[in-house]
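Text of work-v2.txt, listed as compact mmCIF, C-alpha atoms:
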```
# COMPACT_ATOMS: atom_id res chain seq x y z
CA MET Y 1 8.53 -24.71 -18.07
CA PRO Y 2 5.36 -25.93 -16.26
CA ILE Y 3 5.08 -25.70 -12.49
CA TYR Y 4 3.50 -28.51 -10.47
CA LYS Y 5 1.97 -28.44 -6.99
CA TYR Y 6 2.58 -31.56 -4.94
CA THR Y 7 1.65 -33.24 -1.71
CA ALA Y 8 4.15 -35.90 -0.66
CA PHE Y 9 5.57 -37.83 2.29
CA ASN Y 10 9.25 -37.58 3.26
CA ARG Y 11 11.37 -40.46 4.55
CA LYS Y 12 10.15 -39.79 8.09
CA GLY Y 13 6.53 -40.15 6.99
CA LYS Y 14 5.76 -36.44 7.41
CA GLU Y 15 3.52 -34.80 4.83
CA GLU Y 16 5.01 -31.96 2.79
CA LYS Y 17 3.46 -29.57 0.29
CA GLY Y 18 5.25 -27.43 -2.27
CA ILE Y 19 5.91 -26.70 -5.93
CA VAL Y 20 8.40 -28.05 -8.46
CA ASP Y 21 9.22 -27.01 -12.02
CA ALA Y 22 9.62 -29.77 -14.58
CA GLY Y 23 9.14 -30.42 -18.29
CA ASN Y 24 6.24 -32.80 -17.71
CA HIS Y 25 4.34 -34.77 -15.10
CA ALA Y 26 6.71 -37.77 -15.17
CA GLN Y 27 9.80 -35.58 -14.80
CA ALA Y 28 8.24 -33.84 -11.82
CA ARG Y 29 7.74 -37.22 -10.13
CA ARG Y 30 11.37 -38.19 -10.80
CA ILE Y 31 12.66 -34.91 -9.33
CA LEU Y 32 10.58 -35.40 -6.18
CA LYS Y 33 11.70 -39.02 -5.90
CA GLN Y 34 15.35 -37.93 -6.10
CA LYS Y 35 14.63 -35.61 -3.16
CA GLY Y 36 13.36 -38.57 -1.14
CA LEU Y 37 9.69 -37.65 -1.42
CA TYR Y 38 6.86 -40.12 -2.06
CA VAL Y 39 4.19 -38.36 -4.10
CA LYS Y 40 0.63 -38.44 -2.85
CA ALA Y 41 -0.84 -35.86 -5.26
CA LEU Y 42 0.67 -33.98 -8.18
CA THR Y 43 -1.19 -31.41 -10.29
CA GLU Y 44 -0.12 -28.69 -12.71
CA ASP Y 45 -0.36 -25.22 -11.18
CA THR Y 46 -2.95 -22.90 -12.76
CA GLU Y 47 -1.74 -19.57 -11.38
CA LYS Y 48 -0.11 -18.47 -14.65
CA LYS Y 49 -3.34 -19.14 -16.57
CA ASP Y 50 -5.38 -17.36 -13.88
CA ARG Y 51 -3.13 -14.29 -14.12
CA GLU Y 52 -3.60 -14.16 -17.89
CA LEU Y 53 -7.39 -14.74 -17.82
CA PHE Y 54 -8.26 -12.71 -14.71
CA PRO Y 55 -5.55 -10.04 -14.21
CA PHE Y 56 -7.59 -7.98 -11.71
CA LEU Y 57 -8.47 -11.02 -9.59
CA ALA Y 58 -4.88 -12.25 -9.77
CA LYS Y 59 -3.66 -9.04 -8.11
CA LEU Y 60 -5.82 -9.85 -5.08
CA LEU Y 61 -5.19 -13.60 -4.92
CA TYR Y 62 -1.49 -13.74 -5.79
CA ARG Y 63 -0.16 -10.73 -3.92
CA VAL Y 64 3.52 -10.66 -2.97
CA PRO Y 65 4.59 -8.37 -0.08
CA ARG Y 66 7.01 -5.63 -1.13
CA ARG Y 67 9.27 -6.68 1.75
CA ASP Y 68 9.78 -10.10 0.11
CA VAL Y 69 10.53 -8.50 -3.26
CA GLY Y 70 13.10 -6.20 -1.66
CA PHE Y 71 14.70 -9.16 0.13
CA PHE Y 72 14.93 -11.02 -3.20
CA ALA Y 73 16.66 -8.02 -4.81
CA ARG Y 74 19.18 -7.87 -1.97
CA GLN Y 75 19.84 -11.63 -2.09
CA LEU Y 76 20.34 -11.66 -5.86
CA GLY Y 77 22.52 -8.55 -5.82
CA THR Y 78 24.69 -10.01 -3.05
CA LEU Y 79 25.12 -13.39 -4.78
CA LEU Y 80 25.97 -11.76 -8.12
CA ASP Y 81 28.41 -9.38 -6.42
CA ALA Y 82 30.10 -12.45 -4.90
CA GLY Y 83 30.68 -13.84 -8.41
CA LEU Y 84 27.99 -16.54 -8.55
CA PRO Y 85 26.43 -17.01 -12.02
CA LEU Y 86 22.91 -15.65 -12.52
CA ASP Y 87 21.15 -18.98 -13.07
CA LYS Y 88 22.73 -20.54 -9.97
CA SER Y 89 21.97 -17.43 -7.93
CA LEU Y 90 18.32 -17.64 -8.94
CA ALA Y 91 18.25 -21.38 -8.17
CA ASN Y 92 19.59 -20.75 -4.66
CA ILE Y 93 17.03 -18.01 -4.03
CA VAL Y 94 14.16 -20.17 -5.34
CA ASP Y 95 15.06 -22.88 -2.81
CA GLN Y 96 15.07 -20.34 0.03
CA THR Y 97 11.93 -18.39 -0.96
CA GLU Y 98 8.94 -19.09 1.30
CA ASN Y 99 6.27 -17.04 -0.47
CA GLU Y 100 4.67 -19.46 -2.93
CA TYR Y 101 3.66 -16.83 -5.49
CA LEU Y 102 7.07 -15.15 -5.56
CA LYS Y 103 8.69 -18.57 -5.83
CA LYS Y 104 6.61 -19.41 -8.92
CA ALA Y 105 7.53 -16.12 -10.56
CA LEU Y 106 11.25 -16.70 -9.84
CA ILE Y 107 11.03 -20.19 -11.32
CA GLU Y 108 9.67 -18.65 -14.53
CA VAL Y 109 12.37 -15.94 -14.45
CA ARG Y 110 15.09 -18.55 -14.04
CA GLY Y 111 13.62 -20.60 -16.89
CA ASP Y 112 13.76 -17.57 -19.20
CA VAL Y 113 17.36 -16.86 -18.20
CA ILE Y 114 18.43 -20.46 -18.83
CA GLU Y 115 16.85 -20.25 -22.29
CA GLY Y 116 19.00 -17.18 -23.04
CA GLY Y 117 16.62 -14.38 -22.11
CA LYS Y 118 17.58 -11.23 -20.22
CA LEU Y 119 16.77 -10.83 -16.54
CA SER Y 120 15.17 -7.43 -17.15
CA GLU Y 121 12.89 -8.78 -19.90
CA SER Y 122 11.82 -11.69 -17.74
CA MET Y 123 11.04 -9.37 -14.81
CA ALA Y 124 8.89 -7.26 -17.13
CA LYS Y 125 6.62 -10.29 -17.61
CA HIS Y 126 5.60 -10.03 -13.93
CA PRO Y 127 4.51 -6.39 -13.48
CA ALA Y 128 2.44 -7.19 -10.37
CA ILE Y 129 5.66 -8.24 -8.60
CA PHE Y 130 8.36 -6.25 -10.39
CA PRO Y 131 7.14 -2.73 -11.31
CA PRO Y 132 8.67 -0.84 -14.29
CA LEU Y 133 11.39 0.55 -12.01
CA TYR Y 134 12.90 -2.94 -11.68
CA HIS Y 135 13.34 -3.90 -15.31
CA ASN Y 136 14.45 -0.36 -16.21
CA LEU Y 137 17.25 -0.35 -13.62
CA VAL Y 138 18.26 -3.95 -14.33
CA SER Y 139 18.25 -3.22 -18.07
CA VAL Y 140 20.69 -0.34 -17.57
CA GLY Y 141 22.78 -2.56 -15.31
CA GLU Y 142 22.88 -5.26 -17.97
CA ARG Y 143 24.20 -2.76 -20.52
CA THR Y 144 26.85 -1.39 -18.16
CA GLY Y 145 27.73 -4.71 -16.52
CA THR Y 146 26.76 -3.50 -13.03
CA TYR Y 147 23.26 -4.86 -12.56
CA GLU Y 148 24.20 -6.34 -9.17
CA GLN Y 149 24.57 -2.73 -7.98
CA SER Y 150 21.19 -1.90 -9.49
CA LEU Y 151 19.61 -4.77 -7.56
CA LEU Y 152 21.18 -3.60 -4.31
CA ARG Y 153 19.86 -0.07 -4.94
CA LEU Y 154 16.40 -1.54 -5.52
CA ALA Y 155 16.64 -3.41 -2.22
CA GLU Y 156 17.59 -0.19 -0.42
CA LEU Y 157 14.66 1.57 -2.11
CA GLU Y 158 12.19 -1.10 -0.99
CA GLU Y 159 13.56 -0.89 2.55
CA ALA Y 160 13.21 2.91 2.57
CA ASN Y 161 9.63 2.71 1.29
CA GLN Y 162 8.78 0.04 3.85
CA ALA Y 163 10.31 2.12 6.65
CA MET Y 164 8.15 5.11 5.68
CA LYS Y 165 5.05 2.90 5.50
CA ASN Y 166 5.82 1.50 8.95
CA LYS Y 167 6.14 5.01 10.38
CA VAL Y 168 2.74 6.01 8.99
CA THR Y 169 1.15 2.78 10.28
CA ALA Y 170 2.67 3.19 13.74
CA ALA Y 171 1.57 6.82 13.99
CA LEU Y 172 -2.02 6.01 13.00
CA PHE Y 173 -2.28 2.84 15.11
CA TYR Y 174 -3.36 4.55 18.34
CA PRO Y 175 -5.97 6.86 16.72
CA VAL Y 176 -7.47 3.91 14.83
CA ILE Y 177 -7.67 1.83 18.03
CA MET Y 178 -9.33 4.79 19.72
CA MET Y 179 -11.89 5.01 16.90
CA PHE Y 180 -12.81 1.33 17.31
CA PHE Y 181 -12.96 1.76 21.08
CA LEU Y 182 -15.17 4.81 20.68
CA GLY Y 183 -17.43 3.00 18.24
CA GLY Y 184 -17.75 0.01 20.55
CA ILE Y 185 -18.76 2.16 23.52
CA MET Y 186 -21.31 4.10 21.48
CA ILE Y 187 -22.91 0.95 20.05
CA PHE Y 188 -23.14 -0.60 23.53
CA LEU Y 189 -24.76 2.51 25.03
CA LEU Y 190 -27.20 2.96 22.15
CA ALA Y 191 -28.09 -0.70 21.57
CA VAL Y 192 -28.12 -2.00 25.18
CA VAL Y 193 -28.36 0.79 27.76
CA MET Y 194 -30.74 3.23 26.06
CA PRO Y 195 -33.55 0.69 25.31
CA GLN Y 196 -33.69 -0.18 29.01
CA ILE Y 197 -33.76 3.50 29.98
CA GLN Y 198 -36.52 4.09 27.41
CA GLN Y 199 -38.73 1.43 29.06
CA MET Y 200 -38.31 3.14 32.42
CA PHE Y 201 -39.30 6.54 30.95
CA VAL Y 202 -42.39 5.00 29.30
CA GLN Y 203 -43.50 3.44 32.59
CA MET Y 204 -43.10 6.75 34.38
CA ASN Y 205 -44.84 8.65 31.55
CA ALA Y 206 -42.02 11.18 31.69
CA GLU Y 207 -41.85 14.21 29.43
CA LEU Y 208 -38.65 13.88 27.44
CA PRO Y 209 -36.45 16.81 26.37
CA PHE Y 210 -35.21 17.12 22.78
CA ILE Y 211 -31.75 15.66 23.47
CA THR Y 212 -33.32 12.53 24.98
CA ARG Y 213 -35.74 12.08 22.09
CA PHE Y 214 -32.86 12.48 19.65
CA VAL Y 215 -30.67 9.87 21.38
CA LEU Y 216 -33.60 7.46 21.68
CA GLY Y 217 -34.29 7.91 17.96
CA VAL Y 218 -30.70 6.97 17.15
CA SER Y 219 -30.95 4.03 19.57
CA ASP Y 220 -34.12 2.86 17.81
CA ILE Y 221 -32.18 2.67 14.54
CA PHE Y 222 -29.53 0.46 16.16
CA THR Y 223 -32.08 -1.94 17.68
CA SER Y 224 -34.39 -2.45 14.68
CA PHE Y 225 -34.32 -3.26 10.99
CA LYS Y 226 -33.89 0.47 10.34
CA ILE Y 227 -30.15 -0.14 10.74
CA LEU Y 228 -30.25 -1.75 7.30
CA ILE Y 229 -31.08 1.62 5.74
CA PRO Y 230 -27.72 3.32 6.53
CA ILE Y 231 -25.84 0.05 5.90
CA VAL Y 232 -27.36 -0.51 2.46
CA SER Y 233 -27.06 3.21 1.64
CA GLY Y 234 -23.40 3.12 2.65
CA ILE Y 235 -22.68 0.06 0.48
CA VAL Y 236 -24.48 1.53 -2.54
CA GLY Y 237 -22.75 4.87 -2.00
CA PHE Y 238 -19.35 3.16 -1.77
CA ILE Y 239 -19.93 1.23 -5.01
CA LEU Y 240 -21.04 4.39 -6.83
CA PHE Y 241 -18.06 6.28 -5.42
CA ARG Y 242 -15.65 3.59 -6.60
CA ARG Y 243 -17.15 3.70 -10.10
CA TRP Y 244 -16.92 7.48 -10.20
CA LYS Y 245 -13.35 7.41 -8.86
CA SER Y 246 -12.34 4.89 -11.53
CA THR Y 247 -13.07 7.50 -14.23
CA VAL Y 248 -10.33 9.95 -15.25
CA THR Y 249 -12.36 12.98 -14.15
CA GLY Y 250 -13.43 11.37 -10.89
CA ARG Y 251 -9.91 10.34 -9.94
CA MET Y 252 -8.49 13.78 -10.71
CA THR Y 253 -11.25 15.52 -8.74
CA TRP Y 254 -10.89 13.21 -5.73
CA GLU Y 255 -7.11 13.43 -5.57
CA ARG Y 256 -7.21 17.23 -5.87
CA PHE Y 257 -9.70 17.27 -2.99
CA LEU Y 258 -7.43 15.09 -0.82
CA LEU Y 259 -4.52 17.46 -1.39
CA ARG Y 260 -6.65 20.35 -0.07
CA VAL Y 261 -7.71 18.58 3.15
CA PRO Y 262 -6.08 20.36 6.13
CA VAL Y 263 -3.17 18.47 7.72
CA PHE Y 264 -3.81 15.27 5.73
CA GLY Y 265 -3.34 17.02 2.38
CA ALA Y 266 0.08 18.34 3.34
CA LEU Y 267 1.11 14.89 4.58
CA ILE Y 268 -0.06 13.21 1.36
CA GLN Y 269 1.89 15.78 -0.67
CA LYS Y 270 5.10 15.22 1.32
CA VAL Y 271 4.82 11.42 1.12
CA MET Y 272 4.22 11.65 -2.64
CA LEU Y 273 7.17 13.98 -3.18
CA ALA Y 274 9.44 11.85 -1.00
CA ARG Y 275 8.53 8.76 -3.03
CA PHE Y 276 9.04 10.67 -6.29
CA SER Y 277 12.45 11.97 -5.21
CA ARG Y 278 13.70 8.66 -3.81
CA ASN Y 279 12.74 6.67 -6.92
CA LEU Y 280 14.03 9.33 -9.32
CA GLY Y 281 17.32 9.60 -7.41
CA VAL Y 282 17.88 5.83 -7.53
CA MET Y 283 17.18 5.72 -11.26
CA LEU Y 284 19.41 8.69 -12.11
CA GLN Y 285 22.26 7.29 -9.99
CA SER Y 286 21.86 4.03 -11.92
CA ARG Y 287 22.37 6.00 -15.18
CA VAL Y 288 18.81 5.76 -16.41
CA PRO Y 289 18.17 8.68 -18.83
CA LEU Y 290 16.22 11.53 -17.25
CA LEU Y 291 13.20 11.30 -19.56
CA ASN Y 292 12.90 7.52 -19.10
CA ALA Y 293 13.26 7.93 -15.34
CA LEU Y 294 10.51 10.55 -15.21
CA ILE Y 295 8.15 8.36 -17.26
CA VAL Y 296 8.64 5.43 -14.87
CA VAL Y 297 8.41 7.57 -11.72
CA GLY Y 298 5.22 9.18 -13.05
CA LYS Y 299 3.56 5.77 -12.86
CA ILE Y 300 5.03 4.97 -9.45
CA VAL Y 301 3.70 8.08 -7.67
CA ASP Y 302 0.15 6.70 -8.13
CA ASN Y 303 -1.45 10.13 -8.23
CA ALA Y 304 -3.25 11.34 -11.37
CA VAL Y 305 -2.63 15.03 -10.60
CA PHE Y 306 1.11 14.64 -10.10
CA GLU Y 307 1.42 12.17 -12.99
CA GLN Y 308 -0.19 14.72 -15.31
CA GLU Y 309 2.29 17.37 -14.13
CA ILE Y 310 5.21 14.98 -14.69
CA LEU Y 311 4.06 14.19 -18.23
CA ALA Y 312 3.71 17.92 -18.96
CA ALA Y 313 7.22 18.49 -17.60
CA ILE Y 314 8.59 15.70 -19.83
CA GLU Y 315 7.22 17.44 -22.92
CA LYS Y 316 8.87 20.72 -21.85
CA ILE Y 317 12.20 18.98 -21.20
CA LYS Y 318 12.04 17.42 -24.69
CA GLU Y 319 11.83 20.98 -26.05
CA GLY Y 320 15.02 21.92 -24.21
CA THR Y 321 13.60 23.37 -20.97
CA ARG Y 322 15.57 22.87 -17.75
CA ILE Y 323 14.00 20.43 -15.28
CA THR Y 324 13.50 23.21 -12.72
CA ASP Y 325 11.63 25.39 -15.20
CA ALA Y 326 9.62 22.39 -16.45
CA PHE Y 327 8.11 21.96 -12.96
CA ARG Y 328 7.79 25.72 -12.28
CA ASP Y 329 3.97 25.67 -12.67
CA SER Y 330 3.49 22.50 -10.64
CA GLN Y 331 0.90 22.51 -7.84
CA ILE Y 332 2.67 19.61 -6.11
CA MET Y 333 6.30 20.72 -6.22
CA THR Y 334 7.31 23.13 -3.46
CA MET Y 335 9.66 26.10 -3.81
CA MET Y 336 12.18 24.33 -1.57
CA ILE Y 337 12.39 21.38 -3.95
CA LEU Y 338 12.61 23.62 -7.01
CA GLY Y 339 15.42 25.57 -5.35
CA MET Y 340 17.39 22.39 -4.59
CA LEU Y 341 16.81 21.12 -8.14
CA SER Y 342 18.11 24.42 -9.51
CA ALA Y 343 21.23 24.08 -7.37
CA GLY Y 344 21.70 20.52 -8.63
CA GLU Y 345 21.44 21.65 -12.25
CA ALA Y 346 23.89 24.49 -11.67
CA SER Y 347 26.47 22.11 -10.17
CA ASP Y 348 25.65 19.27 -12.60
CA ARG Y 349 24.81 17.00 -9.65
CA ILE Y 350 21.11 16.36 -10.13
CA PRO Y 351 21.14 12.66 -9.04
CA GLU Y 352 22.84 13.47 -5.73
CA MET Y 353 20.61 16.51 -5.16
CA VAL Y 354 17.42 14.53 -5.84
CA SER Y 355 18.51 11.90 -3.31
CA LYS Y 356 19.23 14.69 -0.82
CA ILE Y 357 15.72 16.05 -1.43
CA ALA Y 358 14.33 12.59 -0.63
CA ASP Y 359 16.26 12.54 2.69
CA VAL Y 360 14.90 15.97 3.65
CA LEU Y 361 11.33 15.08 2.69
CA GLU Y 362 11.39 11.78 4.56
CA ASP Y 363 12.46 13.66 7.70
CA ASP Y 364 9.60 16.12 7.08
CA VAL Y 365 7.15 13.23 6.67
CA GLU Y 366 8.24 11.72 9.97
CA ALA Y 367 7.81 15.07 11.73
CA ALA Y 368 4.41 15.63 10.08
CA ILE Y 369 3.24 12.16 11.11
CA GLN Y 370 4.24 12.75 14.72
CA LYS Y 371 2.48 16.12 14.69
CA MET Y 372 -0.68 14.64 13.19
CA SER Y 373 -0.64 11.80 15.70
CA SER Y 374 -0.23 14.22 18.61
CA LEU Y 375 -3.24 16.19 17.32
CA LEU Y 376 -5.46 13.16 16.72
CA GLU Y 377 -5.01 11.57 20.13
CA PRO Y 378 -6.49 14.42 22.22
CA LEU Y 379 -9.10 15.03 19.52
CA MET Y 380 -10.34 11.45 19.81
CA ILE Y 381 -10.46 11.71 23.61
CA VAL Y 382 -12.45 14.96 23.43
CA LEU Y 383 -14.84 13.43 20.89
CA LEU Y 384 -15.36 10.39 23.11
CA GLY Y 385 -16.01 12.64 26.09
CA LEU Y 386 -18.55 14.77 24.19
CA MET Y 387 -20.50 11.72 23.00
CA ILE Y 388 -20.66 10.30 26.50
CA ILE Y 389 -21.80 13.69 27.84
CA VAL Y 390 -24.59 13.79 25.24
CA ILE Y 391 -25.82 10.32 26.15
CA MET Y 392 -25.55 10.90 29.90
CA SER Y 393 -27.43 14.21 29.49
CA ALA Y 394 -30.16 12.37 27.59
CA ILE Y 395 -30.48 9.98 30.54
CA LEU Y 396 -30.10 12.37 33.48
CA LEU Y 397 -32.22 15.34 32.30
CA PRO Y 398 -35.55 13.42 32.34
CA MET Y 399 -34.63 11.95 35.72
CA TYR Y 400 -33.90 15.42 37.08
CA ASN Y 401 -37.26 16.67 35.75
CA LEU Y 402 -39.06 13.74 37.38
CA THR Y 403 -37.32 14.38 40.70
CA SER Y 404 -38.27 18.06 40.57
CA GLN Y 405 -41.93 17.19 39.89
CA ILE Y 406 -42.03 14.72 42.79
CA GLN Y 407 -40.58 17.30 45.20
CA VAL Y 408 -43.20 19.87 44.12
```

Written form, structure tokens:
Amino acid sequence: MPIYKYTAFNRKGKEEKGIVDAGNHAQARRILKQKGLYVKALTEDTEKKDRELFPFLAKLLYRVPRRDVGFFARQLGTLLDAGLPLDKSLANIVDQTENEYLKKALIEVRGDVIEGGKLSESMAKHPAIFPPLYHNLVSVGERTGTYEQSLLRLAELEEANQAMKNKVTAALFYPVIMMFFLGGIMIFLLAVVMPQIQQMFVQMNAELPFITRFVLGVSDIFTSFKILIPIVSGIVGFILFRRWKSTVTGRMTWERFLLRVPVFGALIQKVMLARFSRNLGVMLQSRVPLLNALIVVGKIVDNAVFEQEILAAIEKIKEGTRITDAFRDSQIMTMMILGMLSAGEASDRIPEMVSKIADVLEDDVEAAIQKMSSLLEPLMIVLLGLMIIVIMSAILLPMYNLTSQIQV
């Protein structure tokens, strides 16, 4: 069913903007009139066509926050658990949804459901909003008659992922602010203070030490067209890097390098494993077959190295290998995780054990983030102090030499 964007006036004369789904232009006007709205402008929405023609651009323009998707899953699961029919539940959520792009997608989902389609199949038509995990879990729920529970699990999963993201953001907030503060001070000293000091040294015909000449050379770059050289070089380098990273070899090489970076590599590994365990645990508890769950989670981890290891493990499991042995040669999996997986296999409680692994790893991630943050803060302060010492030395050494010459 087409979606129309409208601008209208309500009974109080206030202008309103929104979207409405209708069979045609005339029906859209009738629906708005029934709501007490006087249409000023009404046009068919082009987002669906844009998504089909320009999928990459659509991901940037029509982005839906994961928090909103998780809230939708919780709302729908709650309404279905209360006994409300699916189409009416979707209609209620559409009316309450504020994000325009999510609202349009839900209107299309509801239209498919009304026409007799499955919720999981309709979700699969919107991969930018509902990743494979969603339609896989909902599909299992549809077969078992418990898809409201699947939706509530998805909501909990989104909330857990958002909580981890918030922890990382909060831990890195202070170091990032310090970096901007440091950069601002350095630019001010090099672009404003040093040129004035340079004029004074020229007037005095002072002999400048190496450190002063070096700092003045850097200052000259900041105060002339020479600054374009590093800027243009950086832009070109970034574009070339992105192209290289988009290749299979480039992505694998880069992600292997990141995993070897001290401190950061260990944190990336723990975050990746926590995400893998949490998603796999939710899928297994929702009765998704192990192989299907691993295929979906392999895409979710968003790491070429780990995804390759997961695919290799899937092939071994197909041949009858235990899941613990299938990951025995993994560079990402730790011995602790393999040990817990082995215990889960021995007790036939893999779903519960995988969820327990996720809990342990998320605690480890929080501790690692706090440790990294505590290391970065003094490091940034020391770096700021060293840069200021270098600049002040570049200023004071020539002055000291001039003073010594005058006294002699």

Write out as a tab-separated table a residue-level contact list of range 241-289 of chain Y versus range 350-370 of chain Y with cut-off 10 Å: for each qualifying residue the closest pair of atoms and the distance in Å to one decimal, counting all atoms listed in the file, rows sorted by chain and residue number upward.
```
residue	atom	partner	partner_atom	distance
Y:Val263	CA	Y:Ala368	CA	8.4
Y:Phe264	CA	Y:Ala368	CA	9.3
Y:Ala266	CA	Y:Ala368	CA	8.5
Y:Leu267	CA	Y:Ala368	CA	6.5
Y:Ile268	CA	Y:Val365	CA	9.0
Y:Gln269	CA	Y:Val365	CA	9.4
Y:Lys270	CA	Y:Val365	CA	6.1
Y:Val271	CA	Y:Val365	CA	6.3
Y:Met272	CA	Y:Leu361	CA	9.5
Y:Leu273	CA	Y:Leu361	CA	7.3
Y:Ala274	CA	Y:Ala358	CA	5.0
Y:Arg275	CA	Y:Ala358	CA	7.4
Y:Phe276	CA	Y:Ala358	CA	8.0
Y:Ser277	CA	Y:Ala358	CA	5.0
Y:Arg278	CA	Y:Ala358	CA	5.1
Y:Asn279	CA	Y:Ser355	CA	8.6
Y:Leu280	CA	Y:Val354	CA	7.1
Y:Gly281	CA	Y:Ser355	CA	4.8
Y:Val282	CA	Y:Ser355	CA	7.4
Y:Met283	CA	Y:Pro351	CA	8.3
Y:Leu284	CA	Y:Pro351	CA	5.3
Y:Gln285	CA	Y:Pro351	CA	5.6
Y:Ser286	CA	Y:Pro351	CA	9.1
Y:Arg287	CA	Y:Pro351	CA	9.1
```

Counting all atoms listed in the file, what are the residues of range 122-170 of chain Y within 7 Å of range 64-88 of chain Y, and for each of them which pair of atoms is the nearest and at what distance in Å, to one decimal? Sort the table by chain and rising number, as JSON lines.
```
{"residue": "Y:Ile129", "atom": "CA", "partner": "Y:Val64", "partner_atom": "CA", "distance": 6.5}
{"residue": "Y:Glu148", "atom": "CA", "partner": "Y:Gly77", "partner_atom": "CA", "distance": 4.4}
{"residue": "Y:Gln149", "atom": "CA", "partner": "Y:Gly77", "partner_atom": "CA", "distance": 6.5}
{"residue": "Y:Leu151", "atom": "CA", "partner": "Y:Gly77", "partner_atom": "CA", "distance": 5.1}
{"residue": "Y:Leu152", "atom": "CA", "partner": "Y:Arg74", "partner_atom": "CA", "distance": 5.3}
{"residue": "Y:Leu154", "atom": "CA", "partner": "Y:Ala73", "partner_atom": "CA", "distance": 6.5}
{"residue": "Y:Ala155", "atom": "CA", "partner": "Y:Gly70", "partner_atom": "CA", "distance": 4.5}
{"residue": "Y:Glu158", "atom": "CA", "partner": "Y:Gly70", "partner_atom": "CA", "distance": 5.2}
{"residue": "Y:Glu159", "atom": "CA", "partner": "Y:Gly70", "partner_atom": "CA", "distance": 6.8}
```

With all atoms of range 197-200 of chain Y from the file as input, state the centre and edge lengths in Å to one decimal of the axis-aligned box that has 8 Å extra on each side, as lines of an AutoDock Vina configuration file.
```
center_x = -36.2
center_y = 2.8
center_z = 29.9
size_x = 21.0
size_y = 18.7
size_z = 21.0
```

With all atoms listed in the file as the counted atoms, please give the residues lying no more than 8 Å from range 195-212 of chain Y, apart from itself and same-chain residues fewer than 3 positions off, as a PDB file with C-alpha atoms, in the coordinates of the input.
```pdb
ATOM      1  CA  LEU Y 190     -27.200   2.960  22.150  1.00  0.00           C
ATOM      2  CA  ALA Y 191     -28.090  -0.700  21.570  1.00  0.00           C
ATOM      3  CA  VAL Y 192     -28.120  -2.000  25.180  1.00  0.00           C
ATOM      4  CA  VAL Y 215     -30.670   9.870  21.380  1.00  0.00           C
ATOM      5  CA  LEU Y 216     -33.600   7.460  21.680  1.00  0.00           C
ATOM      6  CA  SER Y 219     -30.950   4.030  19.570  1.00  0.00           C
ATOM      7  CA  ASP Y 220     -34.120   2.860  17.810  1.00  0.00           C
ATOM      8  CA  VAL Y 390     -24.590  13.790  25.240  1.00  0.00           C
ATOM      9  CA  ILE Y 391     -25.820  10.320  26.150  1.00  0.00           C
ATOM     10  CA  SER Y 393     -27.430  14.210  29.490  1.00  0.00           C
ATOM     11  CA  ALA Y 394     -30.160  12.370  27.590  1.00  0.00           C
ATOM     12  CA  ILE Y 395     -30.480   9.980  30.540  1.00  0.00           C
ATOM     13  CA  LEU Y 397     -32.220  15.340  32.300  1.00  0.00           C
ATOM     14  CA  PRO Y 398     -35.550  13.420  32.340  1.00  0.00           C
ATOM     15  CA  LEU Y 402     -39.060  13.740  37.380  1.00  0.00           C
TER      16      LEU Y 402
END
```

What's the 9 Å shell around range 316-326 of chain Y, counting all atoms listed in the file, without same-chain residues fewer than 4 positions away, as a PDB file with C-alpha atoms, keeping the file's coordinate frame?
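Contents of the output file out01.pdb:
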```pdb
ATOM      1  CA  LEU Y 291      13.200  11.300 -19.560  1.00  0.00           C
ATOM      2  CA  ILE Y 310       5.210  14.980 -14.690  1.00  0.00           C
ATOM      3  CA  LEU Y 311       4.060  14.190 -18.230  1.00  0.00           C
ATOM      4  CA  ALA Y 312       3.710  17.920 -18.960  1.00  0.00           C
ATOM      5  CA  SER Y 330       3.490  22.500 -10.640  1.00  0.00           C
ATOM      6  CA  LEU Y 338      12.610  23.620  -7.010  1.00  0.00           C
ATOM      7  CA  GLY Y 339      15.420  25.570  -5.350  1.00  0.00           C
ATOM      8  CA  LEU Y 341      16.810  21.120  -8.140  1.00  0.00           C
ATOM      9  CA  SER Y 342      18.110  24.420  -9.510  1.00  0.00           C
ATOM     10  CA  GLU Y 345      21.440  21.650 -12.250  1.00  0.00           C
TER      11      GLU Y 345
END
```

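Atom pair CA of Arg260 in chain Y / CA of Arg242 in chain Y: separated by 20.1 Å.
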
- Could you name the residues that touch Leu376 in chain Y at 12 Å or less, counting only C-alpha atoms, but leaving out those on the same chain fewer than 6 positions away, as a list in words? Ala171, Leu172, Phe173, Tyr174, Pro175, Val176, Ile177, Met178, Met179, Val263, Phe264, Ile369, Gln370, Val382 and Leu383 of chain Y

- Task: Work out how far CA of Ser120 in chain Y is from CA of His135 in chain Y, in Å to one decimal.
- Result: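 These atoms are spaced 4.4 Å apart.
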
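Of the listed residues (Y:Leu42, Y:Ile185, Y:Ala128, Y:Leu137), Y:Ile185 comes nearest to Gly385 in chain Y; the distances count only C-alpha atoms.
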
- Query: In Å, how far is it from CA of Met336 in chain Y to CA of Ala170 in chain Y?
  - Reply: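 Between these atoms lies a distance of 27.8 Å.
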
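Between Ser150 in chain Y and the residues Y:Ala313, Y:Val288, Y:Ile337, Y:Lys125, the shortest atom-to-atom distance, using all atoms listed in the file, involves Y:Val288.
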